[in-house]
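Q: I'm passing along final-v1.txt; it holds compact mmCIF, C-alpha atoms.
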```
# COMPACT_ATOMS: atom_id res chain seq x y z
CA MET A 1 7.59 2.48 -18.79
CA ALA A 2 5.82 3.32 -15.55
CA THR A 3 6.78 6.33 -13.50
CA TYR A 4 6.21 6.92 -9.81
CA SER A 5 6.10 9.95 -7.55
CA ILE A 6 7.82 9.95 -4.19
CA GLY A 7 4.38 9.53 -2.60
CA ASP A 8 3.83 6.37 -4.67
CA LEU A 9 7.17 5.02 -3.48
CA GLU A 10 6.36 5.92 0.10
CA ARG A 11 3.15 3.87 -0.13
CA LEU A 12 4.75 0.94 -1.99
CA LEU A 13 7.90 0.69 0.14
CA ARG A 14 6.17 1.65 3.39
CA VAL A 15 8.92 4.07 4.37
CA LYS A 16 8.77 7.84 4.81
CA ASN A 17 9.76 10.10 1.92
CA HIS A 18 12.73 11.56 3.83
CA VAL A 19 14.17 8.03 4.01
CA ILE A 20 13.79 7.66 0.23
CA ARG A 21 15.55 11.00 -0.32
CA TYR A 22 18.37 9.94 2.02
CA TRP A 23 18.82 6.65 0.15
CA GLU A 24 18.82 8.61 -3.10
CA LYS A 25 21.76 10.70 -1.81
CA GLU A 26 23.68 7.69 -0.55
CA ILE A 27 23.14 5.35 -3.52
CA PRO A 28 24.01 7.02 -6.84
CA LEU A 29 22.27 4.19 -8.72
CA ILE A 30 18.94 5.79 -7.77
CA GLN A 31 18.55 8.67 -10.20
CA PRO A 32 15.02 10.09 -10.38
CA GLN A 33 14.27 12.61 -13.07
CA LYS A 34 12.73 15.97 -12.23
CA SER A 35 9.41 17.12 -13.64
CA ASN A 36 8.86 20.63 -14.98
CA PHE A 37 7.64 21.51 -11.49
CA GLY A 38 10.77 20.13 -9.81
CA ARG A 39 9.12 16.97 -8.45
CA ARG A 40 10.99 13.68 -8.46
CA ILE A 41 9.87 11.10 -11.02
CA TYR A 42 11.11 7.57 -10.40
CA ARG A 43 11.31 4.79 -13.01
CA ASP A 44 10.80 1.04 -12.62
CA ARG A 45 14.55 0.54 -12.28
CA ASP A 46 14.70 3.03 -9.38
CA LEU A 47 11.81 1.25 -7.68
CA GLN A 48 13.48 -2.14 -8.06
CA ILE A 49 16.73 -0.81 -6.60
CA LEU A 50 14.83 0.76 -3.70
CA PHE A 51 12.97 -2.49 -2.95
CA ARG A 52 16.25 -4.40 -2.99
CA LEU A 53 17.94 -1.74 -0.83
CA LYS A 54 15.11 -1.87 1.70
CA TYR A 55 15.42 -5.66 1.84
CA LEU A 56 19.18 -5.49 2.39
CA LEU A 57 18.88 -2.81 5.09
CA TYR A 58 15.80 -3.96 6.99
CA ASP A 59 15.71 -7.74 6.52
CA ARG A 60 19.37 -8.67 6.01
CA ARG A 61 20.57 -5.93 8.43
CA TYR A 62 23.26 -4.52 6.11
CA THR A 63 24.75 -1.11 6.79
CA ILE A 64 24.13 1.51 4.10
CA GLU A 65 27.72 1.04 2.86
CA GLY A 66 27.38 -2.75 2.82
CA ALA A 67 24.07 -2.54 0.97
CA LYS A 68 25.61 -0.14 -1.54
CA ALA A 69 28.48 -2.55 -2.20
CA GLN A 70 26.08 -5.48 -2.54
CA LEU A 71 23.90 -3.57 -5.03
CA TYR A 72 26.95 -2.73 -7.16
CA LEU A 73 28.06 -6.36 -7.06
CA GLU A 74 24.60 -7.60 -8.08
CA LEU A 75 24.30 -5.13 -10.94
CA THR A 76 27.76 -5.78 -12.38
CA GLY A 77 28.35 -9.45 -11.53
CA GLU A 78 27.80 -12.67 -13.47
CA ASN A 79 24.43 -14.00 -14.70
CA GLN A 80 23.29 -10.63 -16.04
CA ASP A 81 20.96 -12.30 -18.58
CA LEU A 82 19.08 -14.10 -15.83
CA ARG A 83 19.01 -10.98 -13.70
CA GLY A 84 17.62 -9.02 -16.65
CA ARG A 85 14.73 -11.45 -17.02
CA ILE A 86 14.06 -11.37 -13.28
CA ALA A 87 14.12 -7.56 -13.37
CA ALA A 88 11.57 -7.54 -16.21
CA LEU A 89 9.32 -9.88 -14.24
CA ARG A 90 9.65 -7.70 -11.12
CA SER A 91 8.76 -4.67 -13.17
CA GLU A 92 5.54 -6.31 -14.37
CA LEU A 93 4.67 -7.40 -10.83
CA LEU A 94 5.29 -3.90 -9.47
CA SER A 95 3.02 -2.43 -12.15
CA LEU A 96 0.30 -4.87 -11.10
CA LEU A 97 0.81 -3.96 -7.44
CA VAL A 98 0.39 -0.28 -8.23
CA LEU A 99 -2.81 -1.01 -10.18
CA VAL A 100 -4.24 -3.05 -7.31
CA GLN A 101 -3.38 -0.41 -4.72
CA ASP A 102 -4.80 2.37 -6.88
CA SER A 103 -7.96 0.33 -7.35
CA ASP A 104 -8.27 -0.21 -3.58
CA THR A 105 -7.73 3.49 -2.94
CA GLN A 106 -10.37 4.43 -5.51
CA HIS A 107 -12.79 1.90 -3.97
CA GLU A 108 -12.26 3.45 -0.51
CA ILE A 109 -12.84 6.95 -1.91
CA ASN A 110 -16.06 5.83 -3.59
CA GLU A 111 -17.32 4.28 -0.36
CA ASP A 112 -16.52 7.45 1.60
CA ASN A 113 -18.31 9.67 -0.92
CA GLN A 114 -21.62 7.80 -0.90
CA LYS A 115 -24.42 10.01 0.40
CA PRO A 116 -27.00 8.84 2.94
CA GLY A 117 -30.26 7.69 1.41
CA THR A 118 -28.67 6.40 -1.81
CA GLY A 119 -29.26 2.77 -1.01
CA THR A 120 -26.53 2.36 1.57
CA ARG A 121 -27.50 0.67 4.81
CA ARG A 122 -26.55 1.79 8.26
CA PRO A 123 -24.33 -0.82 9.95
CA LEU A 124 -26.03 -2.93 12.61
CA PRO A 125 -24.54 -2.95 16.09
CA THR A 126 -22.02 -5.69 16.70
CA LEU A 127 -21.88 -8.05 19.64
CA GLN A 128 -19.05 -5.96 21.01
CA ASP A 129 -21.30 -2.89 21.29
CA PRO A 130 -22.74 -2.45 24.77
CA PRO A 131 -26.56 -2.67 24.88
CA ASP A 132 -26.87 1.00 25.90
CA ALA A 133 -25.02 1.99 22.72
CA LEU A 134 -28.21 1.47 20.70
CA THR A 135 -29.93 4.62 19.62
CA ASN A 136 -33.70 4.85 19.90
CA THR A 137 -34.05 4.36 16.14
CA GLN A 138 -31.87 1.25 16.18
CA ALA A 139 -33.76 -0.15 19.18
CA GLU A 140 -37.08 0.36 17.34
CA GLU A 141 -35.72 -1.40 14.24
CA ILE A 142 -34.70 -4.43 16.30
CA HIS A 143 -38.13 -4.79 17.98
```
What is this structure when it is put down as structure tokens?

A:
Amino acid sequence: MATYSIGDLERLLRVKNHVIRYWEKEIPLIQPQKSNFGRRIYRDRDLQILFRLKYLLYDRRYTIEGAKAQLYLELTGENQDLRGRIAALRSELLSLLVLVQDSDTQHEINEDNQKPGTGTRRPLPTLQDPPDALTNTQAEEIH
């Protein structure tokens, strides 16, 4: 089972961490555990509830109370077997999303840490650059 920090959720949900903490207070279904250092640790189920809550609030324009009622209805209503399979599929997709985003972040870090002279090339000026933006070295390379 994957676990997520509040920073992970902030990046995945694209909302600030104070919003996540507010939702956590308002929706008792979201119950992160606490680490030994007192940090919140969220599970896949919490992440799925938060994604659904964000959808209800931002896209469907529910109030927090309306979204809360809808979440309770969805989690206790009919077709629980189908919902369980959908939840498992969402969980797998979320794990893949986290892997892809972590990979992209690591790729960006590696690009930023490359030192000059290690085989990286200086970018050429673009057509949008004014002609006087060329340095003497760049102008010599062009001629």

Q: Compare A:Leu9, A:Met1, A:Ile27, A:Leu93 by their minimum atom-to-atom distance to Ala69 of chain A, counting only C-alpha atoms, and give me the closest one.

A: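 Closest candidate: A:Ile27.
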
Q: What does the distance between atom CA of Arg60 of chain A and atom CA of Val19 of chain A come to in Å, to one decimal place?

A: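 Atom-to-atom, atom CA of Arg60 of chain A to atom CA of Val19 of chain A, that is 17.6 Å.
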
Q: For segment 41-45 of chain A, list every protein, DNA or RNA residue within 7 Å, evaluated using all atoms listed in the file, and leave out those in the same chain fewer than 4 positions away; present the list as a PDB file with C-alpha atoms, in the coordinates of the input.

A:
```pdb
ATOM      1  CA  ALA A   2       5.820   3.320 -15.550  1.00  0.00           C
ATOM      2  CA  THR A   3       6.780   6.330 -13.500  1.00  0.00           C
ATOM      3  CA  TYR A   4       6.210   6.920  -9.810  1.00  0.00           C
ATOM      4  CA  SER A   5       6.100   9.950  -7.550  1.00  0.00           C
ATOM      5  CA  PRO A  32      15.020  10.090 -10.380  1.00  0.00           C
ATOM      6  CA  GLN A  33      14.270  12.610 -13.070  1.00  0.00           C
ATOM      7  CA  LYS A  34      12.730  15.970 -12.230  1.00  0.00           C
ATOM      8  CA  SER A  35       9.410  17.120 -13.640  1.00  0.00           C
ATOM      9  CA  ILE A  49      16.730  -0.810  -6.600  1.00  0.00           C
ATOM     10  CA  SER A  91       8.760  -4.670 -13.170  1.00  0.00           C
TER      11      SER A  91
END
```

Q: Within 10 Å of Leu12 of chain A, counting only C-alpha atoms, which residues show up once you throw out same-chain ones fewer than 2 positions away? Write them as a ChimeraX atom specification, please.

A: /A:4,6-10,14-15,47,51,94,97-98,101

Q: Restricted to C-alpha atoms, what would the selected residues look like written as a short mmCIF file (atom, residue, chain, number, x, y, z; two decimals), keeping the file's coordinate frame?

A:
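Below you can see out.cif, which holds the result:
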```cif
data_model
loop_
_atom_site.label_atom_id
_atom_site.label_comp_id
_atom_site.auth_asym_id
_atom_site.auth_seq_id
_atom_site.Cartn_x
_atom_site.Cartn_y
_atom_site.Cartn_z
CA TYR A 4 6.21 6.92 -9.81
CA ILE A 6 7.82 9.95 -4.19
CA GLY A 7 4.38 9.53 -2.60
CA ASP A 8 3.83 6.37 -4.67
CA LEU A 9 7.17 5.02 -3.48
CA GLU A 10 6.36 5.92 0.10
CA ARG A 14 6.17 1.65 3.39
CA VAL A 15 8.92 4.07 4.37
CA LEU A 47 11.81 1.25 -7.68
CA PHE A 51 12.97 -2.49 -2.95
CA LEU A 94 5.29 -3.90 -9.47
CA LEU A 97 0.81 -3.96 -7.44
CA VAL A 98 0.39 -0.28 -8.23
CA GLN A 101 -3.38 -0.41 -4.72
#
```

Q: One decimal, Å: what's the distance from atom CA of Tyr55 of chain A over to atom CA of Gln70 of chain A, could you say?

A: 11.5 Å

Q: Taking all atoms listed in the file into account, which of A:Gln48, A:Thr105, A:Ile64, A:Gly38 comes nearest Tyr22 of chain A?

A: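 Checking each of A:Gln48, A:Thr105, A:Ile64, A:Gly38 against Tyr22 of chain A, counting all atoms listed in the file, the winner is A:Ile64.
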
Q: Quote the spacing between atom CA of Asn17 of chain A and atom CA of Gly66 of chain A in Å to one decimal place.

A: 21.8 Å

Q: Complete segment 46-76 of chain A at the level of N, CA and C atoms, written as a short mmCIF file (atom, residue, chain, number, x, y, z; two decimals), in the coordinates of the input.

A:
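rebuild_33.cif, freshly written:
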```
data_model
loop_
_atom_site.label_atom_id
_atom_site.label_comp_id
_atom_site.auth_asym_id
_atom_site.auth_seq_id
_atom_site.Cartn_x
_atom_site.Cartn_y
_atom_site.Cartn_z
N ASP A 46 14.49 2.40 -10.69
CA ASP A 46 14.70 3.03 -9.38
C ASP A 46 13.90 2.29 -8.31
N LEU A 47 12.66 1.95 -8.63
CA LEU A 47 11.81 1.25 -7.68
C LEU A 47 12.38 -0.12 -7.33
N GLN A 48 12.89 -0.82 -8.33
CA GLN A 48 13.48 -2.14 -8.06
C GLN A 48 14.71 -2.02 -7.17
N ILE A 49 15.53 -1.03 -7.43
CA ILE A 49 16.73 -0.81 -6.60
C ILE A 49 16.31 -0.46 -5.17
N LEU A 50 15.28 0.37 -5.04
CA LEU A 50 14.83 0.76 -3.70
C LEU A 50 14.24 -0.43 -2.93
N PHE A 51 13.49 -1.29 -3.62
CA PHE A 51 12.97 -2.49 -2.95
C PHE A 51 14.12 -3.38 -2.48
N ARG A 52 15.10 -3.56 -3.35
CA ARG A 52 16.25 -4.40 -2.99
C ARG A 52 17.03 -3.76 -1.84
N LEU A 53 17.23 -2.45 -1.88
CA LEU A 53 17.94 -1.74 -0.83
C LEU A 53 17.20 -1.88 0.50
N LYS A 54 15.90 -1.72 0.47
CA LYS A 54 15.11 -1.87 1.70
C LYS A 54 15.28 -3.28 2.26
N TYR A 55 15.23 -4.28 1.39
CA TYR A 55 15.42 -5.66 1.84
C TYR A 55 16.78 -5.84 2.49
N LEU A 56 17.82 -5.34 1.84
CA LEU A 56 19.18 -5.49 2.39
C LEU A 56 19.33 -4.78 3.73
N LEU A 57 18.74 -3.59 3.86
CA LEU A 57 18.88 -2.81 5.09
C LEU A 57 18.00 -3.34 6.22
N TYR A 58 16.75 -3.62 5.93
CA TYR A 58 15.80 -3.96 6.99
C TYR A 58 15.78 -5.45 7.31
N ASP A 59 15.82 -6.30 6.28
CA ASP A 59 15.71 -7.74 6.52
C ASP A 59 17.06 -8.40 6.73
N ARG A 60 18.04 -8.05 5.91
CA ARG A 60 19.37 -8.67 6.01
C ARG A 60 20.28 -7.91 6.96
N ARG A 61 19.86 -6.74 7.44
CA ARG A 61 20.57 -5.93 8.43
C ARG A 61 21.93 -5.43 7.95
N TYR A 62 22.04 -5.12 6.65
CA TYR A 62 23.26 -4.52 6.11
C TYR A 62 23.36 -3.07 6.58
N THR A 63 24.57 -2.55 6.62
CA THR A 63 24.75 -1.11 6.79
C THR A 63 24.48 -0.47 5.43
N ILE A 64 24.37 0.83 5.38
CA ILE A 64 24.13 1.51 4.10
C ILE A 64 25.32 1.28 3.16
N GLU A 65 26.54 1.28 3.69
CA GLU A 65 27.72 1.04 2.86
C GLU A 65 27.76 -0.40 2.36
N GLY A 66 27.41 -1.35 3.23
CA GLY A 66 27.38 -2.75 2.82
C GLY A 66 26.32 -3.01 1.77
N ALA A 67 25.15 -2.39 1.95
CA ALA A 67 24.07 -2.54 0.97
C ALA A 67 24.46 -1.93 -0.37
N LYS A 68 25.13 -0.81 -0.32
CA LYS A 68 25.61 -0.14 -1.54
C LYS A 68 26.58 -1.05 -2.30
N ALA A 69 27.51 -1.64 -1.57
CA ALA A 69 28.48 -2.55 -2.20
C ALA A 69 27.78 -3.78 -2.78
N GLN A 70 26.82 -4.32 -2.06
CA GLN A 70 26.08 -5.48 -2.54
C GLN A 70 25.28 -5.15 -3.80
N LEU A 71 24.65 -3.99 -3.84
CA LEU A 71 23.90 -3.57 -5.03
C LEU A 71 24.82 -3.46 -6.24
N TYR A 72 26.00 -2.84 -6.05
CA TYR A 72 26.95 -2.73 -7.16
C TYR A 72 27.39 -4.10 -7.64
N LEU A 73 27.65 -5.01 -6.70
CA LEU A 73 28.06 -6.36 -7.06
C LEU A 73 26.96 -7.07 -7.85
N GLU A 74 25.72 -6.94 -7.40
CA GLU A 74 24.60 -7.60 -8.08
C GLU A 74 24.37 -7.04 -9.48
N LEU A 75 24.58 -5.75 -9.65
CA LEU A 75 24.30 -5.13 -10.94
C LEU A 75 25.45 -5.28 -11.94
N THR A 76 26.63 -5.65 -11.46
CA THR A 76 27.76 -5.78 -12.38
C THR A 76 28.34 -7.18 -12.41
#
```
